[in-house]
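Reading through the C-alpha cells given below for one structure.
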Amino acid sequence: MGNHKDLIVYKKAFELAMKIFEMSKLFPKEERYSLTDQVRRSSRSVCVNLAEGYGKRDYPAHFKAKITDADMENTETQTWIEFAFHCLYISETDYKYCTEQSTEIGKLLYHMKMHPQKYNFKFPTTNSQL
C-alpha cells in the first residue's frame, strides 16, 4: 500500500475539510475564535490523525488510537456543522452534504478500527500465529 493519501477515507476527509474551509470564510467575524477556528481545526484533524495512524500502522494499539482520534474529530466536526446550520451560516444543501460526507467518513474509520490488519500485513490475522 502506498501512503495515507491513497486511502479513500483520507481523500474524503480532505475534501470535506477543504469544503468546510471555503464555507467558513463566509462566517461572521464574531465567530472567528469559536466556530470558525474550531470547525476548521477539527475537520483538518481528521486528516492529520489519519496520517499519523497510517504512519504507526506497524503498532496495532497506536494505529487504533489514532484512528479513534480521527473518528472523534469527525464527530466534533459534525457538531460544529450543526451549529453553523442552526445559526444560519450555511445552507441546508451544504449542511446535508457535510453531514452525509462526515457520516461516510465515520463508517470508513469504524471499518479501519475493526479491521486494522487490512492496513498492515504485520498485524496477526485470525489464521496466523503470533
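Please note that chains go A, B, ... in the order of the C-alpha cells, that every chain numbers its residues from 1, and that ligands are numbered from 1 in the order shown.
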List the neighbours of stretch 29-31 of chain A out to 12 Å using only C-alpha atoms; skip same-chain residues closer than 2 positions along the sequence, and give me the result as a PDB file with N, CA and C atoms, in the first residue's frame.
```pdb
ATOM      1  N   SER A  24     -16.504  28.353   5.667  1.00  0.00           N
ATOM      2  CA  SER A  24     -16.245  29.131   6.880  1.00  0.00           C
ATOM      3  C   SER A  24     -15.704  30.528   6.593  1.00  0.00           C
ATOM      4  N   LYS A  25     -15.238  30.759   5.393  1.00  0.00           N
ATOM      5  CA  LYS A  25     -14.792  32.107   5.012  1.00  0.00           C
ATOM      6  C   LYS A  25     -15.943  33.107   5.079  1.00  0.00           C
ATOM      7  N   LEU A  26     -17.168  32.592   4.985  1.00  0.00           N
ATOM      8  CA  LEU A  26     -18.354  33.449   4.989  1.00  0.00           C
ATOM      9  C   LEU A  26     -18.985  33.596   6.370  1.00  0.00           C
ATOM     10  N   PHE A  27     -18.430  32.933   7.375  1.00  0.00           N
ATOM     11  CA  PHE A  27     -18.973  33.057   8.732  1.00  0.00           C
ATOM     12  C   PHE A  27     -18.728  34.476   9.246  1.00  0.00           C
ATOM     13  N   TYR A  33     -13.027  33.219  16.499  1.00  0.00           N
ATOM     14  CA  TYR A  33     -12.274  32.491  17.521  1.00  0.00           C
ATOM     15  C   TYR A  33     -13.077  31.380  18.186  1.00  0.00           C
ATOM     16  N   SER A  34     -14.265  31.125  17.709  1.00  0.00           N
ATOM     17  CA  SER A  34     -15.020  29.999  18.252  1.00  0.00           C
ATOM     18  C   SER A  34     -15.391  29.058  17.108  1.00  0.00           C
ATOM     19  N   LEU A  35     -16.511  29.261  16.503  1.00  0.00           N
ATOM     20  CA  LEU A  35     -16.999  28.332  15.486  1.00  0.00           C
ATOM     21  C   LEU A  35     -16.035  28.182  14.308  1.00  0.00           C
ATOM     22  N   THR A  36     -15.580  29.283  13.752  1.00  0.00           N
ATOM     23  CA  THR A  36     -14.719  29.212  12.566  1.00  0.00           C
ATOM     24  C   THR A  36     -13.436  28.437  12.852  1.00  0.00           C
ATOM     25  N   ASP A  37     -12.719  28.848  13.883  1.00  0.00           N
ATOM     26  CA  ASP A  37     -11.465  28.164  14.216  1.00  0.00           C
ATOM     27  C   ASP A  37     -11.694  26.704  14.588  1.00  0.00           C
ATOM     28  N   GLN A  38     -12.745  26.440  15.339  1.00  0.00           N
ATOM     29  CA  GLN A  38     -12.980  25.075  15.824  1.00  0.00           C
ATOM     30  C   GLN A  38     -13.364  24.114  14.705  1.00  0.00           C
ATOM     31  N   VAL A  39     -14.242  24.545  13.806  1.00  0.00           N
ATOM     32  CA  VAL A  39     -14.662  23.641  12.733  1.00  0.00           C
ATOM     33  C   VAL A  39     -13.514  23.411  11.752  1.00  0.00           C
ATOM     34  N   ARG A  40     -12.708  24.421  11.524  1.00  0.00           N
ATOM     35  CA  ARG A  40     -11.536  24.233  10.658  1.00  0.00           C
ATOM     36  C   ARG A  40     -10.548  23.270  11.310  1.00  0.00           C
ATOM     37  N   TRP A  80     -20.021  20.937  15.060  1.00  0.00           N
ATOM     38  CA  TRP A  80     -19.793  22.330  14.654  1.00  0.00           C
ATOM     39  C   TRP A  80     -20.599  22.676  13.403  1.00  0.00           C
ATOM     40  N   PHE A  83     -24.082  23.418  14.425  1.00  0.00           N
ATOM     41  CA  PHE A  83     -24.185  24.790  14.942  1.00  0.00           C
ATOM     42  C   PHE A  83     -24.217  25.798  13.797  1.00  0.00           C
ATOM     43  N   ALA A  84     -23.341  25.627  12.820  1.00  0.00           N
ATOM     44  CA  ALA A  84     -23.291  26.561  11.690  1.00  0.00           C
ATOM     45  C   ALA A  84     -24.622  26.600  10.950  1.00  0.00           C
ATOM     46  N   CYS A  87     -27.318  28.306  13.146  1.00  0.00           N
ATOM     47  CA  CYS A  87     -27.063  29.755  13.244  1.00  0.00           C
ATOM     48  C   CYS A  87     -27.266  30.445  11.893  1.00  0.00           C
ATOM     49  N   TYR A  89     -25.563  30.053   9.101  1.00  0.00           N
ATOM     50  CA  TYR A  89     -24.328  30.429   8.420  1.00  0.00           C
ATOM     51  C   TYR A  89     -24.086  29.603   7.168  1.00  0.00           C
TER      52      TYR A  89
END
```
Contacts of A:Thr79 at 12 Å (only C-alpha atoms; same-chain gap of 4+ positions) as an mmCIF file with C-alpha atoms, in the first residue's frame:
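Final output, saved to result_26.cif:
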```cif
data_model
loop_
_atom_site.group_PDB
_atom_site.id
_atom_site.type_symbol
_atom_site.label_atom_id
_atom_site.label_comp_id
_atom_site.auth_asym_id
_atom_site.auth_seq_id
_atom_site.Cartn_x
_atom_site.Cartn_y
_atom_site.Cartn_z
ATOM 1 C CA LEU A 35 -16.999 28.332 15.486
ATOM 2 C CA GLN A 38 -12.980 25.075 15.824
ATOM 3 C CA VAL A 39 -14.662 23.641 12.733
ATOM 4 C CA SER A 42 -11.493 19.569 13.874
ATOM 5 C CA SER A 43 -12.045 18.883 10.165
ATOM 6 C CA MET A 72 -13.718 11.729 17.492
ATOM 7 C CA GLU A 73 -12.552 14.752 15.475
ATOM 8 C CA ASN A 74 -15.019 13.760 12.767
ATOM 9 C CA THR A 75 -17.816 13.655 15.350
ATOM 10 C CA PHE A 83 -24.185 24.790 14.942
ATOM 11 C CA ALA A 84 -23.291 26.561 11.690
ATOM 12 C CA PHE A 85 -26.525 25.382 10.106
ATOM 13 C CA HIS A 86 -28.736 26.341 13.040
ATOM 14 C CA TYR A 95 -25.401 21.077 5.746
ATOM 15 C CA CYS A 98 -21.275 17.887 5.025
ATOM 16 C CA THR A 99 -23.375 15.620 7.222
ATOM 17 C CA SER A 102 -18.979 13.070 7.618
ATOM 18 C CA THR A 103 -21.223 10.055 8.185
#
```
**Request:** Pick out the residues sitting within 12 Å of stretch 53-70 of chain A, and hand them over as a PyMOL selection string; count only C-alpha atoms, and ignore anything fewer than 4 positions along from it in its own chain.
**Result:** chain A and resi 1-7+9-10+13+41-49+74-77+102+105-125
Go ahead and save the residues from that selection, with C-alpha atoms, as a PDB file, in the first residue's frame.
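result-v8.pdb written:
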```pdb
ATOM      1  CA  MET A   1       0.000   0.000   0.000  1.00  0.00           C
ATOM      2  CA  GLY A   2       1.275   3.492  -0.834  1.00  0.00           C
ATOM      3  CA  ASN A   3       0.772   6.227   1.724  1.00  0.00           C
ATOM      4  CA  HIS A   4      -2.074   7.740   3.711  1.00  0.00           C
ATOM      5  CA  LYS A   5      -3.085   9.937   0.757  1.00  0.00           C
ATOM      6  CA  ASP A   6      -4.107   6.787  -1.135  1.00  0.00           C
ATOM      7  CA  LEU A   7      -6.784   5.916   1.429  1.00  0.00           C
ATOM      8  CA  VAL A   9     -11.196   7.872   3.783  1.00  0.00           C
ATOM      9  CA  TYR A  10      -8.299  10.347   3.682  1.00  0.00           C
ATOM     10  CA  ALA A  13     -11.840  13.765   4.792  1.00  0.00           C
ATOM     11  CA  ARG A  41      -9.324  22.641  13.301  1.00  0.00           C
ATOM     12  CA  SER A  42     -11.493  19.569  13.874  1.00  0.00           C
ATOM     13  CA  SER A  43     -12.045  18.883  10.165  1.00  0.00           C
ATOM     14  CA  ARG A  44      -8.307  19.136   9.470  1.00  0.00           C
ATOM     15  CA  SER A  45      -7.524  16.977  12.493  1.00  0.00           C
ATOM     16  CA  VAL A  46      -9.385  14.070  10.902  1.00  0.00           C
ATOM     17  CA  CYS A  47      -6.800  14.090   8.104  1.00  0.00           C
ATOM     18  CA  VAL A  48      -3.852  14.647  10.426  1.00  0.00           C
ATOM     19  CA  ASN A  49      -4.849  11.784  12.723  1.00  0.00           C
ATOM     20  CA  ASN A  74     -15.019  13.760  12.767  1.00  0.00           C
ATOM     21  CA  THR A  75     -17.816  13.655  15.350  1.00  0.00           C
ATOM     22  CA  GLU A  76     -16.754  17.068  16.645  1.00  0.00           C
ATOM     23  CA  THR A  77     -16.832  18.422  13.092  1.00  0.00           C
ATOM     24  CA  SER A 102     -18.979  13.070   7.618  1.00  0.00           C
ATOM     25  CA  ILE A 105     -16.075   9.116   6.805  1.00  0.00           C
ATOM     26  CA  GLY A 106     -17.220   7.786  10.184  1.00  0.00           C
ATOM     27  CA  LYS A 107     -18.198   4.449   8.649  1.00  0.00           C
ATOM     28  CA  LEU A 108     -14.845   4.133   6.918  1.00  0.00           C
ATOM     29  CA  LEU A 109     -12.985   4.986  10.122  1.00  0.00           C
ATOM     30  CA  TYR A 110     -15.007   2.387  12.010  1.00  0.00           C
ATOM     31  CA  HIS A 111     -14.034  -0.216   9.423  1.00  0.00           C
ATOM     32  CA  MET A 112     -10.366   0.719   9.873  1.00  0.00           C
ATOM     33  CA  LYS A 113     -10.651   0.324  13.650  1.00  0.00           C
ATOM     34  CA  MET A 114     -12.336  -3.052  13.357  1.00  0.00           C
ATOM     35  CA  HIS A 115     -10.032  -4.417  10.619  1.00  0.00           C
ATOM     36  CA  PRO A 116      -6.562  -2.955  11.226  1.00  0.00           C
ATOM     37  CA  GLN A 117      -4.911  -5.979   9.622  1.00  0.00           C
ATOM     38  CA  LYS A 118      -6.137  -4.770   6.222  1.00  0.00           C
ATOM     39  CA  TYR A 119      -3.856  -1.752   6.546  1.00  0.00           C
ATOM     40  CA  ASN A 120      -0.713  -3.609   7.598  1.00  0.00           C
ATOM     41  CA  PHE A 121       0.437  -7.083   6.747  1.00  0.00           C
ATOM     42  CA  LYS A 122       2.352  -7.330  10.047  1.00  0.00           C
ATOM     43  CA  PHE A 123      -0.885  -7.483  12.068  1.00  0.00           C
ATOM     44  CA  PRO A 124      -1.776 -11.039  13.041  1.00  0.00           C
ATOM     45  CA  THR A 125      -4.861 -12.383  11.329  1.00  0.00           C
TER      46      THR A 125
END
```
If you run DSSP on the backbone here, which positions in stretch 21-101 of chain A get helix (DSSP H, G or I)? Please write them as a VMD selection string. chain A and resid 21 to 24 29 to 55 60 to 86 92 to 101
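Between atom CA of A:Ile81 and atom CA of A:Leu50 the separation is 20.5 Å.
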